[in-house]
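Visitor: Dumping the structure here so I can ask a few things about it.
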Amino acid sequence: MDIQEDKDRELNSKVLSKKEKEKEKGILKKWIFSTLVFLFSFFSFFLYFSLYFLLNNWNELTVDEILYHLKAPMGGANGDLLRLFLLSVLLPSSVIVLLLFCFYILLQKCKLQEPCSVSPPKEVPAGALPAVKKNPLCALHEKLISKKKTIFFKILVTLKHCYLLLCFCLGFFFFVLTIADAWESISLGSYLLSQIQSSTFIEDHYVDPKGIELHFPEKKRNLVYIYMESTELTFMDEKHGGAFPENLLPEMTKLSEEGEDFSGEGAKRNGGISLPGATWTMGAIFGQSTGLPLKISIEQNSMDSQKSFFPSVVSLQDILKEEGYTQKFLLGSVGYFGGRELFMKDHGDVKVEDFSYWKRKNKFPRDYWVNWGFEDEKLYTYAKEELLSLAKEDKPFNLTLLTVDTHFPDGYICRLCKNTYPDNQYANVFNCASRQITNFVNWMKEQDFYENTTIVISGDHPTMDRDFCDNVPKSYQRKVYTVFLNSAVARKEQKEREYSTFDYFPTTLAAMGVEIPGERLGLGTNLFSDESTLTEQFGKKEEKKELEKRSDFMIKLGGIDKNSAFKQKEEKELKKKKEKKAEEEKKTKENEERERKKKQESENAK
């Protein structure tokens with residue numbers, strides 16, 4: 001009898017153990033599923049808020065630009081933008097998912113089948129107080145349970161069983177909504193279609209400088225190339241070809257009249273069109289230096305994992321290096337942002353003198369930081385010092401500047417800015433930039449080196465500020481500010497040219513007195529010649545359409561090294577481990593030293 005009872009107990013124990021294991025597995029599966037649901041919801045909300053953050057702060061944003069910046073180094077970005085991103089995207093996404101998750105936990109904790117409490121005592125002695133208070137939500141449930149026919153109770157019961165499904169549906173709704181909005185707002189549909197369709201347009205029309213024998217003048221001319229952040233022809237008044245009621249760039253307008261911008265007869269000025277692959281700073285620098293769009297395939301690795309930047313492409317800087325030029329790139333932000341330092345060092349071995357460089361030179365306090373680094377007033381001051389130093393050398397030079405005060409949103413007001421437009425800070429910043437660049441050019445004119453120096457001033461790309469160009473008609477073709485000053489050549493015919501920023505590559509060399517057989521380099525055409533630009537041949541719409549498509553030729557030119565990406569990742573992880581280990585060892589030594597001192601002090605006291 002006892003043996004049979006023992007067997008029964010053992011059997012029951014096994015059954016219970018099996019049930020408990022199955023229950024544990026069920027709970028684990030449930031939590032894994034719920035975790036995946038909430039992660040998907042967070043991802044959907046994050047995408048949704050990210051899209052609207054981009055659309056509210058950037059104008060004419062492209063998928064190419066977004067992908068490039070996701071892959072390129074982002075260190076040194078404007079702190080205000082990063083804070084705005086955290087507040088506008090990360091915070092609301094996290095708060096919504098956290099609230100959904102907390103409500104889910106509450107639903108799981110409270111039972112709806114019977115009145116609940118945290119730990120109800122079976123018996124309470126007379127005159128004694130209950131040991132445990134009931135959960136307020138459970139008390140509410142008890143009231144609802146007592147009225148099971150009420151609609152509230154039925155909703156609550158249904159909600160508990162369908163809550164995860166509702167959360168998934170909510171996340172899926174926002175995911176679909178984001179894709180639908182992005183389809184038109186950033187041309188996601190066109191981009192995906194363009195990646196399916198391949199184009200040989202670039203390969204068919206690319207002129208490789210390697211196969212062209214360039215002829216420099218006996219006395220090589222110096223070059224000062226200035227990229228002006230977000231500066232457009234658009235900001236002039238309508239009389240001068242702009243789209244604003246009042247000319248924000250009066251001094252720069254006079255410079256374009258004095259130099260060459262390839263406009264026709266009359267007061268109307270001209271500028272270059274920024275085509276796909278050249279609508280952000282690094283894309284613009286690459287495009288104007290190589291005559292090519294900066295296109296990186298979505299499947300490929302980030303530029304910061306690469307040891308070279310389109311190594312097989314020949315740029316303006318590469319050509320000048322071969323001709324013995326001393327080259328420097330000055331900017332008030334950090335050089336590695338967006339891959340700019342990598343490009344400059346890889347092409348022409350250009351010395352990059354960025355925010356960090358001037359900080360090491362003790363040009364300003366160690367904790368100094370405004371906008372993206374330091375303001376343009378300082379940049380022009382340092383540029384003057386560099387120019388005077390370069391002019392003393394017995395070598396031609398190429399000094400490139402990148403301004404930053406006019407970066408969106410709304411630019412940076414420095415001490416030189418006037419309050420000409422009380423209700424429009426960005427207008428005041430551009431107005432100030434116009435005076436500063438003109439003063440810098442006028443200073444160069446007074447120097448001995450000016451006579452043998454060509455100056456190119458170009459906007460890098462159209463401004464991305466969301467509302468600054470709200471009143472500009474959609475039919476208006478926005479162009480970047482362009483002028484070639486003190487050129488060694490003049491164009492033959494005074495007619496308005498239609499051109500893109502890719503044409504600056506051969507045109508800059510021509511302005512330096514360089515003879516170019518065929519008058520074309522990259523996708524660019526020498527604008528001083530009679531040769532038609534690709535924009536004039538095909539029209540900007542057709543050219544834009546072809547450049548938006550996937551180009552296997554550009555992927556090949558990119559020379560992306562996948563092994564380099566994995567190797568760099570491993571190196572970074574190894575470096576982090578070493579740093580962590582060194583930090584731990586340092587703390588251990590400090591603790592040991594403290595203990596030793598305490599022990600010594602204790603012994604001395606005795």
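Going through the structure tokens in order, the chains are called A, B, and so on, while each chain numbers its residues from 1 and the ligands are numbered from 1 in the order shown.
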If you run DSSP on this backbone, which residues of range 460-550 of chain A come out as alpha helix (DSSP H), and could you give them as a ChimeraX atom specification?

Guide: /A:504-511,534-538,540-548

Visitor: Which residues are close to Thr200 in chain A, i.e. within 12 Å by only C-alpha atoms, leaving aside same-chain residues fewer than 5 positions away? Reply as a PyMOL selection string.

Guide: chain A and resi 205-206+543+546-555

Visitor: Residues of the last selection are to be written out with N, CA, C and O atoms, as a PDB file, in the first residue's frame.

Guide:
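Wrote it out as again_15.pdb, contents follow:
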```
ATOM      1  N   HIS A 205      29.478  58.887 -70.725  1.00  0.00           N
ATOM      2  CA  HIS A 205      29.878  60.289 -70.926  1.00  0.00           C
ATOM      3  C   HIS A 205      31.051  60.726 -70.054  1.00  0.00           C
ATOM      4  O   HIS A 205      31.456  61.889 -70.099  1.00  0.00           O
ATOM      5  N   TYR A 206      31.587  59.810 -69.260  1.00  0.00           N
ATOM      6  CA  TYR A 206      32.712  60.142 -68.387  1.00  0.00           C
ATOM      7  C   TYR A 206      34.012  60.237 -69.182  1.00  0.00           C
ATOM      8  O   TYR A 206      34.352  59.341 -69.952  1.00  0.00           O
ATOM      9  N   GLU A 543      18.997  64.503 -67.579  1.00  0.00           N
ATOM     10  CA  GLU A 543      20.263  64.252 -66.906  1.00  0.00           C
ATOM     11  C   GLU A 543      20.016  63.827 -65.455  1.00  0.00           C
ATOM     12  O   GLU A 543      20.628  62.878 -64.958  1.00  0.00           O
ATOM     13  N   GLU A 546      18.703  60.216 -65.248  1.00  0.00           N
ATOM     14  CA  GLU A 546      19.738  59.192 -65.454  1.00  0.00           C
ATOM     15  C   GLU A 546      20.687  59.090 -64.263  1.00  0.00           C
ATOM     16  O   GLU A 546      21.119  57.996 -63.896  1.00  0.00           O
ATOM     17  N   LEU A 547      20.999  60.228 -63.658  1.00  0.00           N
ATOM     18  CA  LEU A 547      21.925  60.232 -62.522  1.00  0.00           C
ATOM     19  C   LEU A 547      21.307  59.621 -61.274  1.00  0.00           C
ATOM     20  O   LEU A 547      22.020  59.176 -60.377  1.00  0.00           O
ATOM     21  N   GLU A 548      19.986  59.598 -61.199  1.00  0.00           N
ATOM     22  CA  GLU A 548      19.300  59.008 -60.048  1.00  0.00           C
ATOM     23  C   GLU A 548      19.327  57.481 -60.084  1.00  0.00           C
ATOM     24  O   GLU A 548      19.172  56.830 -59.058  1.00  0.00           O
ATOM     25  N   LYS A 549      19.545  56.915 -61.258  1.00  0.00           N
ATOM     26  CA  LYS A 549      19.549  55.466 -61.402  1.00  0.00           C
ATOM     27  C   LYS A 549      20.846  54.863 -60.855  1.00  0.00           C
ATOM     28  O   LYS A 549      21.850  55.540 -60.708  1.00  0.00           O
ATOM     29  N   ARG A 550      20.780  53.576 -60.564  1.00  0.00           N
ATOM     30  CA  ARG A 550      21.971  52.873 -60.090  1.00  0.00           C
ATOM     31  C   ARG A 550      23.037  52.854 -61.181  1.00  0.00           C
ATOM     32  O   ARG A 550      22.740  52.651 -62.355  1.00  0.00           O
ATOM     33  N   SER A 551      24.270  53.084 -60.770  1.00  0.00           N
ATOM     34  CA  SER A 551      25.375  53.069 -61.721  1.00  0.00           C
ATOM     35  C   SER A 551      26.412  52.039 -61.272  1.00  0.00           C
ATOM     36  O   SER A 551      27.117  52.240 -60.284  1.00  0.00           O
ATOM     37  N   ASP A 552      26.508  50.935 -61.995  1.00  0.00           N
ATOM     38  CA  ASP A 552      27.516  49.914 -61.689  1.00  0.00           C
ATOM     39  C   ASP A 552      28.920  50.473 -61.898  1.00  0.00           C
ATOM     40  O   ASP A 552      29.866  50.050 -61.228  1.00  0.00           O
ATOM     41  N   PHE A 553      29.034  51.420 -62.803  1.00  0.00           N
ATOM     42  CA  PHE A 553      30.320  52.072 -63.074  1.00  0.00           C
ATOM     43  C   PHE A 553      30.816  52.832 -61.846  1.00  0.00           C
ATOM     44  O   PHE A 553      31.993  52.750 -61.485  1.00  0.00           O
ATOM     45  N   MET A 554      29.904  53.550 -61.173  1.00  0.00           N
ATOM     46  CA  MET A 554      30.287  54.304 -59.971  1.00  0.00           C
ATOM     47  C   MET A 554      30.622  53.360 -58.822  1.00  0.00           C
ATOM     48  O   MET A 554      31.527  53.637 -58.021  1.00  0.00           O
ATOM     49  N   ILE A 555      29.917  52.241 -58.740  1.00  0.00           N
ATOM     50  CA  ILE A 555      30.215  51.245 -57.704  1.00  0.00           C
ATOM     51  C   ILE A 555      31.631  50.708 -57.908  1.00  0.00           C
ATOM     52  O   ILE A 555      32.398  50.543 -56.955  1.00  0.00           O
TER      53      ILE A 555
END
```

Visitor: Find the distance between CA of Leu90 in chain A and CA of Leu51 in chain A and write it in Å to one decimal.

Guide: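 According to the coordinates, CA of Leu90 in chain A and CA of Leu51 in chain A are separated by 12.2 Å.
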
Visitor: Write down as a PyMOL selection string the residues belonging to range 139-358 of chain A that are assigned strand (DSSP E or B) by DSSP computed on the backbone.

Guide: chain A and resi 198+207+215+222-228+232+237+244+260+271-273+326-331+351-353

Visitor: What does the file look like for those residues with N, CA, C and O atoms, as an mmCIF file, in the first residue's frame?

Guide:
```
data_model
loop_
_atom_site.group_PDB
_atom_site.id
_atom_site.type_symbol
_atom_site.label_atom_id
_atom_site.label_comp_id
_atom_site.auth_asym_id
_atom_site.auth_seq_id
_atom_site.Cartn_x
_atom_site.Cartn_y
_atom_site.Cartn_z
ATOM 1 N N SER A 198 19.219 50.110 -63.998
ATOM 2 C CA SER A 198 20.629 50.469 -64.108
ATOM 3 C C SER A 198 20.823 51.422 -65.276
ATOM 4 O O SER A 198 20.128 51.340 -66.288
ATOM 5 N N VAL A 207 34.717 61.343 -68.980
ATOM 6 C CA VAL A 207 36.036 61.528 -69.596
ATOM 7 C C VAL A 207 37.071 61.409 -68.478
ATOM 8 O O VAL A 207 37.162 62.278 -67.608
ATOM 9 N N HIS A 215 47.893 70.708 -70.402
ATOM 10 C CA HIS A 215 49.040 71.587 -70.630
ATOM 11 C C HIS A 215 48.940 72.811 -69.715
ATOM 12 O O HIS A 215 48.102 73.686 -69.924
ATOM 13 N N ASN A 222 48.254 80.283 -59.062
ATOM 14 C CA ASN A 222 47.730 79.835 -57.767
ATOM 15 C C ASN A 222 46.213 79.714 -57.858
ATOM 16 O O ASN A 222 45.574 80.305 -58.739
ATOM 17 N N LEU A 223 45.652 78.977 -56.920
ATOM 18 C CA LEU A 223 44.196 78.815 -56.865
ATOM 19 C C LEU A 223 43.697 79.016 -55.449
ATOM 20 O O LEU A 223 44.232 78.437 -54.502
ATOM 21 N N VAL A 224 42.672 79.856 -55.308
ATOM 22 C CA VAL A 224 41.942 79.978 -54.042
ATOM 23 C C VAL A 224 40.505 79.576 -54.346
ATOM 24 O O VAL A 224 39.826 80.231 -55.138
ATOM 25 N N TYR A 225 40.074 78.467 -53.756
ATOM 26 C CA TYR A 225 38.743 77.907 -54.035
ATOM 27 C C TYR A 225 37.921 77.994 -52.749
ATOM 28 O O TYR A 225 38.292 77.405 -51.735
ATOM 29 N N ILE A 226 36.797 78.700 -52.819
ATOM 30 C CA ILE A 226 35.975 78.914 -51.618
ATOM 31 C C ILE A 226 34.587 78.287 -51.792
ATOM 32 O O ILE A 226 33.823 78.699 -52.669
ATOM 33 N N TYR A 227 34.312 77.279 -50.964
ATOM 34 C CA TYR A 227 32.965 76.697 -50.918
ATOM 35 C C TYR A 227 32.166 77.470 -49.873
ATOM 36 O O TYR A 227 32.515 77.461 -48.689
ATOM 37 N N MET A 228 31.102 78.104 -50.304
ATOM 38 C CA MET A 228 30.253 78.851 -49.376
ATOM 39 C C MET A 228 29.032 78.010 -49.017
ATOM 40 O O MET A 228 28.224 77.674 -49.885
ATOM 41 N N GLU A 232 23.087 80.367 -52.398
ATOM 42 C CA GLU A 232 22.427 80.255 -53.698
ATOM 43 C C GLU A 232 22.317 81.597 -54.413
ATOM 44 O O GLU A 232 22.241 82.660 -53.782
ATOM 45 N N ASP A 237 17.838 89.419 -55.729
ATOM 46 C CA ASP A 237 16.504 89.859 -56.133
ATOM 47 C C ASP A 237 16.214 89.403 -57.567
ATOM 48 O O ASP A 237 17.103 88.919 -58.277
ATOM 49 N N PHE A 244 14.174 86.420 -54.492
ATOM 50 C CA PHE A 244 13.793 87.135 -53.281
ATOM 51 C C PHE A 244 13.408 88.578 -53.614
ATOM 52 O O PHE A 244 13.925 89.155 -54.580
ATOM 53 N N GLU A 260 33.341 86.046 -63.751
ATOM 54 C CA GLU A 260 32.620 85.287 -64.786
ATOM 55 C C GLU A 260 31.696 84.263 -64.142
ATOM 56 O O GLU A 260 32.121 83.418 -63.353
ATOM 57 N N GLY A 271 24.276 80.682 -62.315
ATOM 58 C CA GLY A 271 24.929 79.776 -61.369
ATOM 59 C C GLY A 271 24.770 78.336 -61.802
ATOM 60 O O GLY A 271 24.105 78.030 -62.794
ATOM 61 N N GLY A 272 25.372 77.426 -61.041
ATOM 62 C CA GLY A 272 25.343 76.009 -61.386
ATOM 63 C C GLY A 272 24.197 75.266 -60.722
ATOM 64 O O GLY A 272 23.799 75.569 -59.601
ATOM 65 N N ILE A 273 23.681 74.266 -61.432
ATOM 66 C CA ILE A 273 22.613 73.409 -60.896
ATOM 67 C C ILE A 273 23.248 72.253 -60.120
ATOM 68 O O ILE A 273 24.178 71.614 -60.604
ATOM 69 N N THR A 326 51.445 73.183 -53.528
ATOM 70 C CA THR A 326 51.218 73.033 -52.091
ATOM 71 C C THR A 326 49.727 73.227 -51.862
ATOM 72 O O THR A 326 49.165 74.239 -52.292
ATOM 73 N N GLN A 327 49.087 72.281 -51.183
ATOM 74 C CA GLN A 327 47.627 72.332 -51.059
ATOM 75 C C GLN A 327 47.185 72.261 -49.605
ATOM 76 O O GLN A 327 47.651 71.417 -48.834
ATOM 77 N N LYS A 328 46.249 73.134 -49.264
ATOM 78 C CA LYS A 328 45.684 73.165 -47.912
ATOM 79 C C LYS A 328 44.167 73.362 -47.980
ATOM 80 O O LYS A 328 43.658 74.033 -48.867
ATOM 81 N N PHE A 329 43.494 72.746 -47.009
ATOM 82 C CA PHE A 329 42.041 72.835 -46.905
ATOM 83 C C PHE A 329 41.694 73.373 -45.522
ATOM 84 O O PHE A 329 41.948 72.724 -44.513
ATOM 85 N N LEU A 330 41.133 74.584 -45.474
ATOM 86 C CA LEU A 330 40.802 75.249 -44.210
ATOM 87 C C LEU A 330 39.300 75.227 -43.985
ATOM 88 O O LEU A 330 38.523 75.545 -44.901
ATOM 89 N N LEU A 331 38.903 74.877 -42.763
ATOM 90 C CA LEU A 331 37.478 74.881 -42.419
ATOM 91 C C LEU A 331 37.304 75.073 -40.922
ATOM 92 O O LEU A 331 38.198 74.741 -40.144
ATOM 93 N N LYS A 351 46.682 69.069 -47.076
ATOM 94 C CA LYS A 351 46.779 69.241 -45.625
ATOM 95 C C LYS A 351 45.479 69.849 -45.101
ATOM 96 O O LYS A 351 45.072 70.933 -45.525
ATOM 97 N N VAL A 352 44.835 69.138 -44.201
ATOM 98 C CA VAL A 352 43.548 69.586 -43.651
ATOM 99 C C VAL A 352 43.787 70.366 -42.367
ATOM 100 O O VAL A 352 44.340 69.837 -41.396
ATOM 101 N N GLU A 353 43.356 71.627 -42.364
ATOM 102 C CA GLU A 353 43.492 72.484 -41.184
ATOM 103 C C GLU A 353 42.089 72.851 -40.707
ATOM 104 O O GLU A 353 41.499 73.849 -41.122
#
```

Visitor: Using only C-alpha atoms, pick whichever of A:Phe528, A:Phe38, A:Phe46, A:Tyr481 has the shortest atom-to-atom distance to Phe430 in chain A.

Guide: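 Going through A:Phe528, A:Phe38, A:Phe46, A:Tyr481 one by one, the smallest distance to Phe430 in chain A is for A:Tyr481.
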
Visitor: Within 10 Å of range 463-473 of chain A, counting only C-alpha atoms, which residues qualify if same-chain residues fewer than 5 places away don't, as a PyMOL selection string?

Guide: chain A and resi 54-61+229-232+234-235+242-245+279-280+406-411+424+426-427+478+480

Visitor: Now that the selection is made, can you save its residues with C-alpha atoms as a PDB file, in the first residue's frame?

Guide:
```pdb
ATOM      1  CA  LEU A  54      14.149  65.414 -41.447  1.00  0.00           C
ATOM      2  CA  LEU A  55      11.262  67.014 -43.348  1.00  0.00           C
ATOM      3  CA  ASN A  56      10.834  69.775 -40.770  1.00  0.00           C
ATOM      4  CA  ASN A  57      14.527  70.682 -40.802  1.00  0.00           C
ATOM      5  CA  TRP A  58      15.754  69.869 -44.307  1.00  0.00           C
ATOM      6  CA  ASN A  59      14.516  71.110 -47.655  1.00  0.00           C
ATOM      7  CA  GLU A  60      14.685  69.047 -50.859  1.00  0.00           C
ATOM      8  CA  LEU A  61      16.132  66.060 -49.008  1.00  0.00           C
ATOM      9  CA  GLU A 229      27.873  76.805 -47.269  1.00  0.00           C
ATOM     10  CA  SER A 230      24.283  76.693 -48.652  1.00  0.00           C
ATOM     11  CA  THR A 231      24.737  79.877 -50.717  1.00  0.00           C
ATOM     12  CA  GLU A 232      22.427  80.255 -53.698  1.00  0.00           C
ATOM     13  CA  THR A 234      18.263  82.391 -55.387  1.00  0.00           C
ATOM     14  CA  PHE A 235      18.944  84.890 -52.569  1.00  0.00           C
ATOM     15  CA  GLY A 242      17.222  85.561 -57.866  1.00  0.00           C
ATOM     16  CA  ALA A 243      13.821  84.861 -56.343  1.00  0.00           C
ATOM     17  CA  PHE A 244      13.793  87.135 -53.281  1.00  0.00           C
ATOM     18  CA  PRO A 245      12.087  90.543 -53.108  1.00  0.00           C
ATOM     19  CA  THR A 279      23.297  68.160 -53.115  1.00  0.00           C
ATOM     20  CA  TRP A 280      25.126  68.078 -49.760  1.00  0.00           C
ATOM     21  CA  THR A 406      25.324  79.995 -43.309  1.00  0.00           C
ATOM     22  CA  HIS A 407      24.556  76.377 -42.401  1.00  0.00           C
ATOM     23  CA  PHE A 408      20.910  75.687 -41.654  1.00  0.00           C
ATOM     24  CA  PRO A 409      18.893  76.035 -39.511  1.00  0.00           C
ATOM     25  CA  ASP A 410      18.967  79.851 -39.556  1.00  0.00           C
ATOM     26  CA  GLY A 411      22.769  80.193 -39.665  1.00  0.00           C
ATOM     27  CA  ASN A 424      14.734  86.850 -40.340  1.00  0.00           C
ATOM     28  CA  TYR A 426      19.024  83.573 -41.777  1.00  0.00           C
ATOM     29  CA  ALA A 427      18.694  86.593 -44.082  1.00  0.00           C
ATOM     30  CA  ARG A 478      17.463  77.083 -57.846  1.00  0.00           C
ATOM     31  CA  VAL A 480      24.274  77.799 -56.343  1.00  0.00           C
TER      32      VAL A 480
END
```
